>>> print(open('final-v3.cif').read())   # mmCIF, C-alpha atoms
data_protein
loop_
_atom_site.label_atom_id
_atom_site.label_comp_id
_atom_site.auth_asym_id
_atom_site.auth_seq_id
_atom_site.Cartn_x
_atom_site.Cartn_y
_atom_site.Cartn_z
CA MET A 1 -10.96 -16.97 20.04
CA THR A 2 -7.38 -17.63 21.20
CA CYS A 3 -4.51 -15.14 21.59
CA LYS A 4 -1.14 -16.84 22.08
CA LEU A 5 2.01 -15.00 23.28
CA SER A 6 5.34 -16.81 23.09
CA GLY A 7 8.67 -16.09 24.78
CA VAL A 8 7.45 -13.53 27.34
CA TYR A 9 9.08 -12.68 30.67
CA PRO A 10 8.01 -12.03 33.37
CA ARG A 11 4.77 -13.98 33.22
CA ASP A 12 2.49 -11.23 34.61
CA ILE A 13 1.92 -9.60 31.23
CA LYS A 14 -1.44 -7.85 30.83
CA VAL A 15 -3.69 -9.10 28.02
CA THR A 16 -6.82 -7.23 26.94
CA TRP A 17 -9.36 -7.66 24.13
CA ASN A 18 -11.21 -4.79 22.51
CA LYS A 19 -14.81 -5.93 22.10
CA THR A 20 -18.34 -4.58 22.07
CA PHE A 21 -20.19 -7.77 22.99
CA GLU A 22 -20.66 -9.95 26.07
CA SER A 23 -17.89 -12.50 26.61
CA SER A 24 -15.80 -14.35 29.17
CA GLN A 25 -12.03 -14.56 29.29
CA PHE A 26 -9.47 -16.80 30.94
CA GLN A 27 -5.75 -17.30 30.47
CA HIS A 28 -2.98 -19.63 31.53
CA ALA A 29 0.83 -19.64 31.27
CA GLU A 30 3.34 -22.41 30.66
CA GLU A 31 7.05 -22.11 31.41
CA ASN A 32 9.42 -22.83 28.53
CA GLU A 33 12.82 -24.54 28.77
CA ASP A 34 14.66 -21.20 28.42
CA GLY A 35 12.82 -19.68 31.39
CA THR A 36 10.39 -17.60 29.35
CA PHE A 37 6.66 -18.22 29.28
CA THR A 38 4.00 -18.99 26.70
CA LEU A 39 0.71 -17.37 27.66
CA THR A 40 -2.65 -18.21 26.12
CA SER A 41 -5.70 -15.97 26.49
CA VAL A 42 -9.05 -17.48 25.44
CA LEU A 43 -12.08 -15.26 24.71
CA SER A 44 -15.43 -17.08 24.72
CA PHE A 45 -18.57 -15.53 23.21
CA THR A 46 -21.69 -16.39 21.26
CA ILE A 47 -21.51 -15.79 17.51
CA LYS A 48 -24.27 -13.62 16.06
CA GLU A 49 -24.97 -12.64 12.46
CA ASP A 50 -24.37 -8.90 13.11
CA MET A 51 -20.80 -9.71 14.20
CA ARG A 52 -19.81 -10.47 10.61
CA GLY A 53 -16.77 -8.32 9.72
CA THR A 54 -16.26 -7.08 13.30
CA TRP A 55 -12.65 -6.08 14.00
CA LEU A 56 -11.33 -7.84 17.14
CA THR A 57 -7.94 -6.93 18.68
CA CYS A 58 -5.83 -8.71 21.31
CA GLN A 59 -3.33 -6.38 23.02
CA ALA A 60 -0.57 -7.37 25.45
CA GLY A 61 2.08 -5.43 27.31
CA TYR A 62 3.75 -4.43 30.55
CA GLU A 63 3.08 -1.23 32.45
CA GLY A 64 5.16 1.64 31.10
CA LEU A 65 6.17 -0.21 27.91
CA THR A 66 4.71 -0.12 24.40
CA PRO A 67 2.15 -2.93 23.98
CA VAL A 68 1.99 -5.35 21.05
CA SER A 69 -1.26 -6.26 19.35
CA GLY A 70 -2.83 -8.53 16.78
CA ALA A 71 -6.12 -8.07 14.93
CA VAL A 72 -8.57 -10.36 13.20
CA THR A 73 -11.86 -9.82 11.37
CA LEU A 74 -14.66 -12.11 12.49
CA GLY A 75 -16.25 -14.23 9.79
CA VAL A 76 -19.74 -15.49 10.62
CA ARG A 77 -20.94 -18.43 8.62
CA GLY A 78 -24.58 -18.91 7.72
CA GLU A 79 -26.38 -22.25 7.84
CA THR A 80 -24.09 -25.27 8.09
CA THR A 81 -25.90 -27.13 5.30
CA VAL A 82 -26.69 -26.11 1.73
CA SER A 83 -29.80 -27.38 -0.04
CA GLY A 84 -30.35 -27.79 -3.74
CA GLY A 85 -27.93 -30.61 -4.52
CA GLN A 86 -28.77 -33.31 -7.01
CA ASN A 87 -27.88 -36.95 -6.21
CA MET A 88 -27.04 -39.37 -8.99
CA SER A 89 -26.27 -43.08 -8.61
CA TRP A 90 -24.36 -45.49 -10.79
CA SER A 91 -22.99 -48.99 -10.42
CA ASN A 92 -19.84 -47.98 -8.51
CA GLY A 93 -21.18 -45.27 -6.23
CA THR A 94 -23.17 -42.08 -5.80
CA ARG A 95 -22.40 -38.51 -6.82
CA SER A 96 -23.96 -35.30 -5.52
CA GLU A 97 -23.83 -32.13 -7.60
CA LEU A 98 -24.44 -28.68 -6.13
CA LYS A 99 -24.75 -25.31 -7.87
CA VAL A 100 -24.11 -22.16 -5.81
CA THR A 101 -23.76 -18.47 -6.63
CA LEU A 102 -20.38 -17.07 -5.59
CA TYR A 103 -19.77 -13.52 -4.37
CA LYS A 104 -16.60 -11.50 -3.91
CA ASN A 105 -16.39 -12.21 -0.16
CA ASP A 106 -16.37 -15.95 -0.90
CA VAL A 107 -12.63 -15.61 -1.51
CA LYS A 108 -12.24 -16.58 2.15
CA SER A 109 -14.98 -19.27 2.11
CA ARG A 110 -14.86 -23.03 1.77
CA ILE A 111 -17.53 -25.66 1.27
CA TYR A 112 -17.69 -29.13 2.84
CA CYS A 113 -19.25 -32.34 1.56
CA GLN A 114 -20.08 -34.87 4.29
CA ILE A 115 -21.78 -38.29 4.44
CA PRO A 116 -23.35 -38.55 7.91
CA GLY A 117 -24.09 -41.96 9.35
CA TYR A 118 -21.64 -43.72 7.06
CA ARG A 119 -20.67 -47.22 8.33
CA GLY A 120 -21.71 -46.99 11.93
CA GLY A 121 -21.26 -43.32 12.70
CA SER A 122 -18.01 -42.18 11.08
CA VAL A 123 -18.47 -39.08 8.88
CA PRO A 124 -16.32 -39.03 5.72
CA SER A 125 -15.93 -35.48 4.44
CA ASP A 126 -13.93 -33.31 2.11
CA ALA A 127 -13.54 -29.55 1.76
CA LEU A 128 -12.88 -27.16 -1.12
CA ASN A 129 -11.63 -23.58 -0.83
CA PHE A 130 -13.50 -21.28 -3.19
CA SER A 131 -10.28 -19.23 -3.55
CA THR A 132 -8.85 -21.98 -5.80
CA PHE A 133 -11.17 -21.03 -8.65
CA ILE A 134 -13.00 -17.79 -7.80
CA LEU A 135 -12.34 -14.72 -9.98
CA ALA A 136 -13.08 -11.21 -8.65
CA ILE A 137 -12.86 -8.57 -11.41
CA PRO A 138 -11.13 -5.32 -10.32
CA GLU A 139 -12.75 -1.91 -10.09
CA VAL A 140 -10.59 0.85 -11.63
CA THR A 141 -10.72 4.56 -10.76
CA ILE A 142 -8.42 7.49 -11.56
CA LYS A 143 -7.83 10.43 -9.22
CA LYS A 144 -5.70 13.54 -9.54
CA THR A 145 -3.42 13.57 -6.50
CA SER A 146 -1.46 16.81 -6.94
CA ALA A 147 -1.87 20.14 -8.67
CA GLU A 148 0.42 21.41 -11.40
CA ASP A 149 2.62 24.43 -10.72
CA SER A 150 5.55 26.17 -12.37
CA HIS A 151 7.98 23.40 -11.32
CA ASN A 152 6.04 20.15 -11.23
CA SER A 153 3.68 18.19 -13.47
CA PRO A 154 0.43 16.98 -11.89
CA SER A 155 0.20 13.39 -10.69
CA PHE A 156 -2.65 10.97 -11.29
CA HIS A 157 -3.09 7.71 -9.44
CA CYS A 158 -5.09 4.73 -10.60
CA LYS A 159 -6.70 2.64 -7.87
CA ILE A 160 -7.35 -1.00 -8.74
CA SER A 161 -9.51 -2.49 -6.02
CA GLY A 162 -11.35 -5.68 -5.07
CA PHE A 163 -9.58 -8.12 -7.39
CA TYR A 164 -8.59 -11.75 -6.92
CA PRO A 165 -6.24 -13.50 -7.62
CA ASP A 166 -3.31 -11.08 -7.30
CA ASP A 167 -2.34 -11.14 -10.98
CA ILE A 168 -2.63 -7.81 -12.79
CA LYS A 169 -0.76 -5.74 -15.35
CA VAL A 170 -1.36 -1.99 -15.65
CA MET A 171 -0.80 0.29 -18.63
CA TRP A 172 -1.31 4.06 -18.84
CA LEU A 173 -2.32 5.53 -22.21
CA LEU A 174 -2.28 9.25 -23.03
CA GLU A 175 -4.09 9.79 -26.31
CA GLY A 176 -3.20 6.20 -27.19
CA GLN A 177 0.50 6.54 -26.34
CA THR A 178 1.99 4.30 -23.62
CA LEU A 179 3.51 6.06 -20.58
CA ASN A 180 6.03 4.83 -18.01
CA SER A 181 4.57 4.51 -14.50
CA ILE A 182 5.15 3.05 -11.03
CA LEU A 183 3.05 0.08 -9.86
CA PHE A 184 2.98 -0.32 -6.10
CA ASN A 185 2.86 -3.64 -4.28
CA SER A 186 -0.66 -5.02 -3.94
CA ILE A 187 -2.37 -4.66 -0.56
CA LYS A 188 -4.44 -7.55 0.77
CA ASN A 189 -7.87 -6.36 1.92
CA LEU A 190 -9.74 -7.64 4.93
CA ASP A 191 -12.14 -9.59 2.68
CA GLY A 192 -9.26 -11.49 1.00
CA THR A 193 -9.25 -9.50 -2.25
CA PHE A 194 -6.46 -7.12 -3.27
CA THR A 195 -5.98 -3.41 -3.95
CA ALA A 196 -3.14 -1.89 -5.96
CA PHE A 197 -2.11 1.61 -7.00
CA THR A 198 -0.13 3.05 -9.87
CA LEU A 199 1.15 6.61 -10.19
CA ILE A 200 1.89 8.73 -13.26
CA ASP A 201 3.17 12.29 -13.85
CA VAL A 202 1.68 14.00 -16.91
CA ASN A 203 2.67 17.17 -18.77
CA VAL A 204 -0.47 19.32 -19.01
CA THR A 205 -1.25 21.67 -21.89
CA ASN A 206 -4.26 23.82 -22.74
CA GLU A 207 -5.46 21.07 -25.09
CA VAL A 208 -8.00 18.61 -23.66
CA LYS A 209 -6.49 15.11 -23.56
CA GLN A 210 -7.73 11.66 -22.57
CA LEU A 211 -5.83 9.57 -20.00
CA ASN A 212 -6.63 5.85 -19.69
CA CYS A 213 -5.67 3.36 -16.99
CA VAL A 214 -5.94 -0.11 -18.54
CA VAL A 215 -5.80 -3.08 -16.17
CA THR A 216 -5.35 -6.64 -17.44
CA HIS A 217 -6.43 -9.22 -14.87
CA MET A 218 -5.33 -12.87 -15.16
CA GLY A 219 -3.97 -12.22 -18.64
CA ASN A 220 -7.26 -11.74 -20.49
CA HIS A 221 -9.76 -9.63 -18.52
CA ASN A 222 -9.36 -5.91 -19.34
CA VAL A 223 -10.89 -3.14 -17.22
CA THR A 224 -10.39 0.52 -18.17
CA HIS A 225 -11.09 3.91 -16.60
CA SER A 226 -10.63 7.19 -18.47
CA VAL A 227 -10.43 10.87 -17.57
CA GLU A 228 -10.13 14.00 -19.67
CA PHE A 229 -8.05 16.94 -18.47
CA ALA A 230 -6.47 20.22 -19.54
CA LYS A 231 -4.49 22.98 -17.89
CA ARG A 232 -6.59 24.95 -15.42
CA SER A 233 -7.00 28.68 -15.69
CA SER A 234 -5.50 30.82 -12.92
CA SER A 235 -8.99 31.50 -11.55
CA ASP A 236 -9.47 27.77 -10.96
CA GLU A 237 -6.22 27.23 -9.04
CA SER A 238 -5.99 27.01 -5.28
CA ASP A 239 -2.92 27.26 -3.11
CA GLY A 240 -2.98 23.45 -2.58
CA SER A 241 -0.16 23.44 -0.06
CA SER A 242 -0.97 19.87 1.07
CA LEU A 243 -1.51 16.75 -0.99
CA SER A 244 -4.66 14.87 -0.06
CA SER A 245 -6.59 11.78 -1.04
CA SER A 246 -10.32 11.89 -0.33
CA SER A 247 -13.23 9.49 -0.49
CA ALA A 248 -16.89 9.99 -1.25
CA LYS A 249 -17.51 8.46 2.17
CA ASN A 250 -16.18 11.55 4.00
CA LEU A 251 -12.84 9.94 4.86
CA THR A 252 -9.80 12.04 3.96
CA ILE A 253 -6.04 11.50 4.33
CA ILE A 254 -3.89 14.64 4.38
CA GLY A 255 -0.11 14.51 3.97
CA PRO A 256 2.59 17.05 4.82
CA PRO A 257 2.83 20.38 2.92
CA GLY A 258 6.03 19.22 1.19
CA ARG A 259 8.16 16.15 0.69
CA VAL A 260 10.20 14.55 3.47
CA LYS A 261 13.57 12.82 3.13
CA VAL A 262 13.82 9.09 3.68
CA GLY A 263 14.73 8.49 7.32
CA GLU A 264 12.69 11.43 8.58
CA VAL A 265 9.39 11.09 10.42
CA LEU A 266 6.25 11.52 8.32
CA GLU A 267 2.88 12.56 9.74
CA LEU A 268 -0.42 11.75 8.05
CA GLN A 269 -3.86 12.87 9.23
CA CYS A 270 -7.07 10.96 8.59
CA HIS A 271 -10.23 13.07 8.98
CA SER A 272 -13.76 11.75 9.30
CA ASN A 273 -17.17 13.12 10.26
CA LYS A 274 -18.06 9.74 11.75
CA ASP A 275 -17.28 8.75 15.34
CA ALA A 276 -15.85 5.24 14.93
CA THR A 277 -12.66 3.33 15.67
CA PHE A 278 -9.65 4.16 13.46
CA MET A 279 -7.17 1.60 12.16
CA TRP A 280 -4.10 2.14 9.95
CA LEU A 281 -2.60 -0.41 7.54
CA LYS A 282 0.68 -0.33 5.64
CA ASN A 283 0.81 -2.60 2.61
CA GLY A 284 -2.08 -4.53 4.11
CA GLU A 285 -0.44 -5.05 7.53
CA ALA A 286 -1.86 -3.45 10.69
CA ILE A 287 0.25 -0.58 12.09
CA PRO A 288 0.75 -0.78 15.90
CA GLN A 289 -1.57 1.49 17.87
CA ASP A 290 1.32 3.36 19.50
CA HIS A 291 2.08 4.91 16.08
CA PHE A 292 -1.17 6.89 15.91
CA THR A 293 -3.47 8.97 18.09
CA THR A 294 -7.14 9.86 17.80
CA ALA A 295 -8.89 13.08 18.81
CA SER A 296 -12.28 14.71 18.25
CA ASN A 297 -13.25 18.34 17.78
CA GLY A 298 -17.01 18.59 17.57
CA ALA A 299 -18.17 16.61 14.54
CA LEU A 300 -14.63 16.23 13.17
CA HIS A 301 -12.70 13.11 14.20
CA THR A 302 -8.99 12.89 13.41
CA SER A 303 -6.37 10.16 13.63
CA ARG A 304 -2.71 11.24 13.35
CA LEU A 305 -0.17 8.66 12.18
CA THR A 306 3.60 9.06 12.53
CA LEU A 307 5.94 6.83 10.51
CA GLN A 308 9.71 6.56 10.26
CA THR A 309 10.19 6.59 6.49
CA GLU A 310 12.31 4.01 4.66
CA LYS A 311 13.63 3.80 1.12
CA GLY A 312 11.21 0.99 0.29
CA ASP A 313 8.28 3.29 1.12
CA ILE A 314 8.31 4.73 -2.39
CA ARG A 315 6.48 1.52 -3.33
CA SER A 316 4.28 1.49 -0.23
CA ALA A 317 0.77 2.67 0.51
CA VAL A 318 -1.02 3.21 3.80
CA GLN A 319 -4.73 2.85 4.44
CA CYS A 320 -6.89 4.60 7.00
CA VAL A 321 -9.76 2.29 8.00
CA GLN A 322 -12.75 3.24 10.09
CA GLY A 323 -15.66 1.10 11.27
CA LYS A 324 -15.97 -2.15 13.20
CA ASN A 325 -17.77 -4.32 10.67
CA GLU A 326 -17.93 -4.80 6.91
CA GLN A 327 -21.23 -2.98 6.44
CA GLN A 328 -20.01 0.18 8.21
CA ARG A 329 -16.33 0.08 7.21
CA MET A 330 -14.79 2.94 5.23
CA SER A 331 -11.20 3.09 4.01
CA GLU A 332 -8.94 5.38 2.02
CA ALA A 333 -5.40 4.85 0.75
CA PHE A 334 -2.41 7.17 0.41
CA ASN A 335 0.66 6.47 -1.75
CA LEU A 336 3.79 7.38 0.23
CA SER A 337 5.68 8.06 -3.00
CA SER A 338 3.77 11.33 -3.34
CA VAL A 339 5.50 12.81 -0.27
CA ILE A 340 8.87 11.00 0.01
CA THR A 341 12.24 12.08 -1.36
CA VAL A 342 15.19 9.71 -1.70
CA MET A 343 18.42 11.70 -2.01
CA PRO A 344 20.91 10.48 -4.63
CA ARG A 345 24.38 8.96 -4.26
CA LEU A 346 27.11 10.56 -6.40
CA GLN A 347 30.30 9.22 -7.94
CA ILE A 348 32.66 11.15 -10.25
CA GLN A 349 34.89 9.49 -12.82
CA GLY A 350 37.37 11.24 -15.13
CA SER A 351 39.49 10.38 -18.14
CA PRO A 352 41.31 12.24 -20.91
CA ASP A 353 39.60 12.63 -24.27
CA THR A 354 41.14 9.94 -26.49
CA ARG A 355 40.68 12.13 -29.56
CA ASN A 356 42.00 15.34 -27.99
CA ARG A 357 44.27 14.93 -24.97
CA SER A 358 44.00 18.63 -24.16
CA LEU A 359 40.43 17.97 -23.04
CA GLY A 360 39.25 16.14 -19.95
CA LYS A 361 36.00 14.14 -19.82
CA TYR A 362 34.24 13.69 -16.50
CA SER A 363 31.09 11.75 -15.62
CA CYS A 364 28.90 12.09 -12.53
CA ARG A 365 26.91 8.96 -11.76
CA VAL A 366 23.71 9.90 -9.88
CA ASP A 367 22.14 6.80 -8.32
CA GLY A 368 19.10 5.78 -6.28
CA PHE A 369 17.05 9.01 -6.28
CA TYR A 370 13.33 9.66 -6.18
CA PRO A 371 11.33 11.43 -7.63
CA GLU A 372 12.71 11.58 -11.16
CA ASP A 373 13.09 15.39 -11.48
CA VAL A 374 16.49 15.63 -9.76
CA LEU A 375 18.63 18.71 -10.45
CA VAL A 376 22.29 18.06 -11.38
CA SER A 377 24.97 20.73 -11.81
CA TRP A 378 28.78 20.99 -12.04
CA THR A 379 31.09 23.64 -10.63
CA LEU A 380 34.83 24.23 -11.07
CA GLY A 381 35.82 26.47 -8.21
CA LYS A 382 33.26 29.27 -8.43
CA LEU A 383 32.41 28.65 -12.08
CA ASN A 384 29.30 26.80 -13.26
CA ILE A 385 29.88 24.28 -16.05
CA SER A 386 27.23 23.16 -18.53
CA ALA A 387 26.56 19.42 -18.47
CA CYS A 388 24.80 16.88 -20.64
CA CYS A 389 22.65 14.42 -18.68
CA GLU A 390 21.32 11.10 -19.92
CA LYS A 391 17.64 10.23 -19.62
CA ALA A 392 16.94 8.87 -16.13
CA GLN A 393 16.54 5.10 -15.95
CA SER A 394 14.16 3.33 -13.55
CA ASN A 395 15.70 0.86 -11.06
CA ASN A 396 14.09 -2.29 -9.72
CA ASP A 397 13.46 -0.66 -6.31
CA GLY A 398 11.49 2.23 -7.88
CA THR A 399 14.30 4.79 -7.69
CA PHE A 400 16.04 6.36 -10.68
CA SER A 401 19.63 6.70 -11.93
CA THR A 402 21.30 8.94 -14.50
CA THR A 403 24.76 10.04 -15.64
CA CYS A 404 25.79 13.62 -16.41
CA HIS A 405 28.87 14.38 -18.55
CA ILE A 406 31.13 17.41 -19.00
CA THR A 407 34.16 18.14 -21.16
CA ILE A 408 36.65 20.83 -20.03
CA VAL A 409 39.96 22.23 -21.29
CA LEU A 410 42.62 20.82 -18.96
CA ALA A 411 44.87 23.86 -19.36
CA LYS A 412 42.16 26.05 -17.82
CA ILE A 413 42.09 24.07 -14.59
CA SER A 414 44.23 26.01 -12.13
CA SER A 415 46.23 24.26 -9.43
CA GLY A 416 44.09 23.48 -6.40
CA ALA A 417 40.79 24.05 -8.23
CA VAL A 418 37.97 21.78 -7.02
CA LEU A 419 35.64 20.12 -9.51
CA GLN A 420 32.28 19.23 -7.93
CA CYS A 421 29.08 17.54 -8.99
CA HIS A 422 25.89 18.59 -7.17
CA ALA A 423 22.51 16.84 -7.17
CA GLY A 424 19.31 17.52 -5.25
CA TYR A 425 15.79 18.90 -5.30
CA ARG A 426 14.34 22.38 -4.97
CA ASP A 427 12.71 21.44 -1.67
CA HIS A 428 15.97 19.99 -0.29
CA CYS A 429 18.82 22.24 -1.36
#
>>> encode(input="final-v3.cif", output="structure tokens")
Amino acid sequence: MTCKLSGVYPRDIKVTWNKTFESSQFQHAEENEDGTFTLTSVLSFTIKEDMRGTWLTCQAGYEGLTPVSGAVTLGVRGETTVSGGQNMSWSNGTRSELKVTLYKNDVKSRIYCQIPGYRGGSVPSDALNFSTFILAIPEVTIKKTSAEDSHNSPSFHCKISGFYPDDIKVMWLLEGQTLNSILFNSIKNLDGTFTAFTLIDVNVTNEVKQLNCVVTHMGNHNVTHSVEFAKRSSSDESDGSSLSSSSAKNLTIIGPPGRVKVGEVLELQCHSNKDATFMWLKNGEAIPQDHFTTASNGALHTSRLTLQTEKGDIRSAVQCVQGKNEQQRMSEAFNLSSVITVMPRLQIQGSPDTRNRSLGKYSCRVDGFYPEDVLVSWTLGKLNISACCEKAQSNNDGTFSTTCHITIVLAKISSGAVLQCHAGYRDHC
């Protein structure tokens, strides 16, 4: 296994591998034309079957500075030859046909056809990637991610996991009626398949209703998961101050007690009752180790992740992964949209009423906010003015926009009076 570092200076950078098996390591450096160095670290070891899916990390850095790292999952192939082929000959050549059973993890596999001993020792061969024609059907599950209260509707998220290729369409149905929802970018899993998430807010009544998440894969394969729900009685409600996403495998991600503004630092905690290495991914990419810490308290093991939030995070998801190989690995995902607030931009425009010039018409354009339930109000001096707001429209980046209108009698506006449009959320006044 080779770890290559380009453009480093000085050359005495420290390179380490995290590993649980016997190995040898050597490295060498070459000077580049610009005075920097390219350093190559080579890790040599014997492949064994139980290494399949092992997570191997190369980390490099200077003393006192944050290191950089790269990770790879080991793939261990079985026998180099496959039996069971059928040879057929005809006047112009020979053909060999082979039938094999494909599994989901064959997304990353390829098969070779070779003719050993052909014309004095040369070995003609050709290879085929199974990913060019393999189809992995998604698994679909619905979870309730937040509790309803007097201000907010509950949220449900639909997890679409283990599918390949990355070609899906998702539709939410409430009692057969289509709902608008957010579909997050797909995350590439370590086995080459994909996972995606979609989020929906639903108005809950005392009547039991059926909610369906319908996933269409590759245009014609439909997979559906359904849940039934109704408003809980007061005796069933808990304080629920934190949003959480939990797994049947005892892996739980806990978010902050309330939403955070874009640009602020977000902390997530991943709890497990298993003592194993933690790893965090964002949209399928490994998060540097200096962004999270790990601690244990008896049988409880916790990894704390801190992230500087960005506007694009409303379409992002993070994963907490634990375990060094595929057989032991557990993972759980958390949609950042459930805890992020994007504050709106405001612009006021005014014009006289063309039908009645004694009236003034003003519009407040409210752009780029998330979530959808923004509060908009107008004031003239110390007076509150009733407004009419259009239905919020979804933007391409996942945020929302709306326009709120007022009409006022111009004669009632005193000299020096200030007309203001306000927009925000209850949690961020």
>>> atom_distance(input="final-v3.cif", atom1="atom CA of Leu305 of chain A", atom2="atom CA of Val15 of chain A")
24.1 Å
>>> atom_distance(input="final-v3.cif", atom1="atom CA of Gln420 of chain A", atom2="atom CA of Gly381 of chain A")
8.1 Å
>>> residues_around(input="final-v3.cif", residues="Ser358 of chain A", least_positions_apart="2", cutoff="12 Å", atoms="only C-alpha atoms", output="ChimeraX atom specification")
/A:351-356,360-361,407-413
>>> resolve_selection(input="final-v3.cif", expression="the PyMOL selection byres ((chain A and resi 290) around 9)", output="PyMOL selection string")
chain A and resi 66-68+287-289+291-293
>>> resolve_selection(input="final-v3.cif", expression="the PyMOL selection byres ((chain A and resi 310) around 10)", output="number ranges by chain")
A: 261-265, 307-309, 311-314, 316, 340, 342
>>> axis_aligned_box(input="final-v3.cif", around="segment 6-19 of chain A", padding_each_side="5 Å", output="AutoDock Vina command-line options")
--center_x -2.9 --center_y -10.8 --center_z 28.4 --size_x 33.9 --size_y 22.0 --size_z 22.5
>>> atom_distance(input="final-v3.cif", atom1="atom CA of Val8 of chain A", atom2="atom CA of Phe45 of chain A")
26.4 Å
>>> closest_residue(input="final-v3.cif", among="A:Thr132, A:Glu31, A:Val204, A:Asp367", to="Phe156 of chain A", atoms="only C-alpha atoms")
A:Val204
>>> residues_around(input="final-v3.cif", residues="Glu285 of chain A", least_positions_apart="5", cutoff="9 Å", atoms="all atoms listed in the file", output="list of chain:residue names")
A:Ile187, A:Lys188, A:Trp280
>>> write_last_selection(input="final-v3.cif", atoms="C-alpha atoms", output="CSV table (one decimal), in the frame of the given file")
chain,number,residue,atom,x,y,z
A,187,ILE,CA,-2.4,-4.7,-0.6
A,188,LYS,CA,-4.4,-7.6,0.8
A,280,TRP,CA,-4.1,2.1,10.0
>>> closest_residue(input="final-v3.cif", among="A:Leu5, A:Ile406, A:Leu174, A:Ala71", to="Leu39 of chain A", atoms="all atoms listed in the file")
A:Leu5
>>> residues_around(input="final-v3.cif", residues="segment 218-229 of chain A", least_positions_apart="5", cutoff="9 Å", atoms="only C-alpha atoms", output="JSON, numbers by chain")
{"A": [135, 137, 138, 139, 140, 141, 142, 143, 158, 164, 165, 166, 167, 168, 169, 204, 205, 206, 207, 208, 209, 210, 211, 212, 213]}
>>> write_last_selection(input="final-v3.cif", atoms="C-alpha atoms", output="compact mmCIF listing (two decimals), in the frame of the given file")
# COMPACT_ATOMS: atom_id res chain seq x y z
CA LEU A 135 -12.34 -14.72 -9.98
CA ILE A 137 -12.86 -8.57 -11.41
CA PRO A 138 -11.13 -5.32 -10.32
CA GLU A 139 -12.75 -1.91 -10.09
CA VAL A 140 -10.59 0.85 -11.63
CA THR A 141 -10.72 4.56 -10.76
CA ILE A 142 -8.42 7.49 -11.56
CA LYS A 143 -7.83 10.43 -9.22
CA CYS A 158 -5.09 4.73 -10.60
CA TYR A 164 -8.59 -11.75 -6.92
CA PRO A 165 -6.24 -13.50 -7.62
CA ASP A 166 -3.31 -11.08 -7.30
CA ASP A 167 -2.34 -11.14 -10.98
CA ILE A 168 -2.63 -7.81 -12.79
CA LYS A 169 -0.76 -5.74 -15.35
CA VAL A 204 -0.47 19.32 -19.01
CA THR A 205 -1.25 21.67 -21.89
CA ASN A 206 -4.26 23.82 -22.74
CA GLU A 207 -5.46 21.07 -25.09
CA VAL A 208 -8.00 18.61 -23.66
CA LYS A 209 -6.49 15.11 -23.56
CA GLN A 210 -7.73 11.66 -22.57
CA LEU A 211 -5.83 9.57 -20.00
CA ASN A 212 -6.63 5.85 -19.69
CA CYS A 213 -5.67 3.36 -16.99
>>> resolve_selection(input="final-v3.cif", expression="the PyMOL selection byres ((chain A and resi 14) around 7)", output="PDB file with C-alpha atoms, in the frame of the given file")
ATOM      1  CA  ASP A  12       2.490 -11.230  34.610  1.00  0.00           C
ATOM      2  CA  ILE A  13       1.920  -9.600  31.230  1.00  0.00           C
ATOM      3  CA  VAL A  15      -3.690  -9.100  28.020  1.00  0.00           C
ATOM      4  CA  THR A  16      -6.820  -7.230  26.940  1.00  0.00           C
ATOM      5  CA  ALA A  60      -0.570  -7.370  25.450  1.00  0.00           C
ATOM      6  CA  GLY A  61       2.080  -5.430  27.310  1.00  0.00           C
ATOM      7  CA  TYR A  62       3.750  -4.430  30.550  1.00  0.00           C
TER       8      TYR A  62
END
>>> residues_around(input="final-v3.cif", residues="Thr302 of chain A", least_positions_apart="2", cutoff="12 Å", atoms="all atoms listed in the file", output="MDAnalysis selection string")
chainID A and resid 250:254 268:279 292:300 304:305 320:322
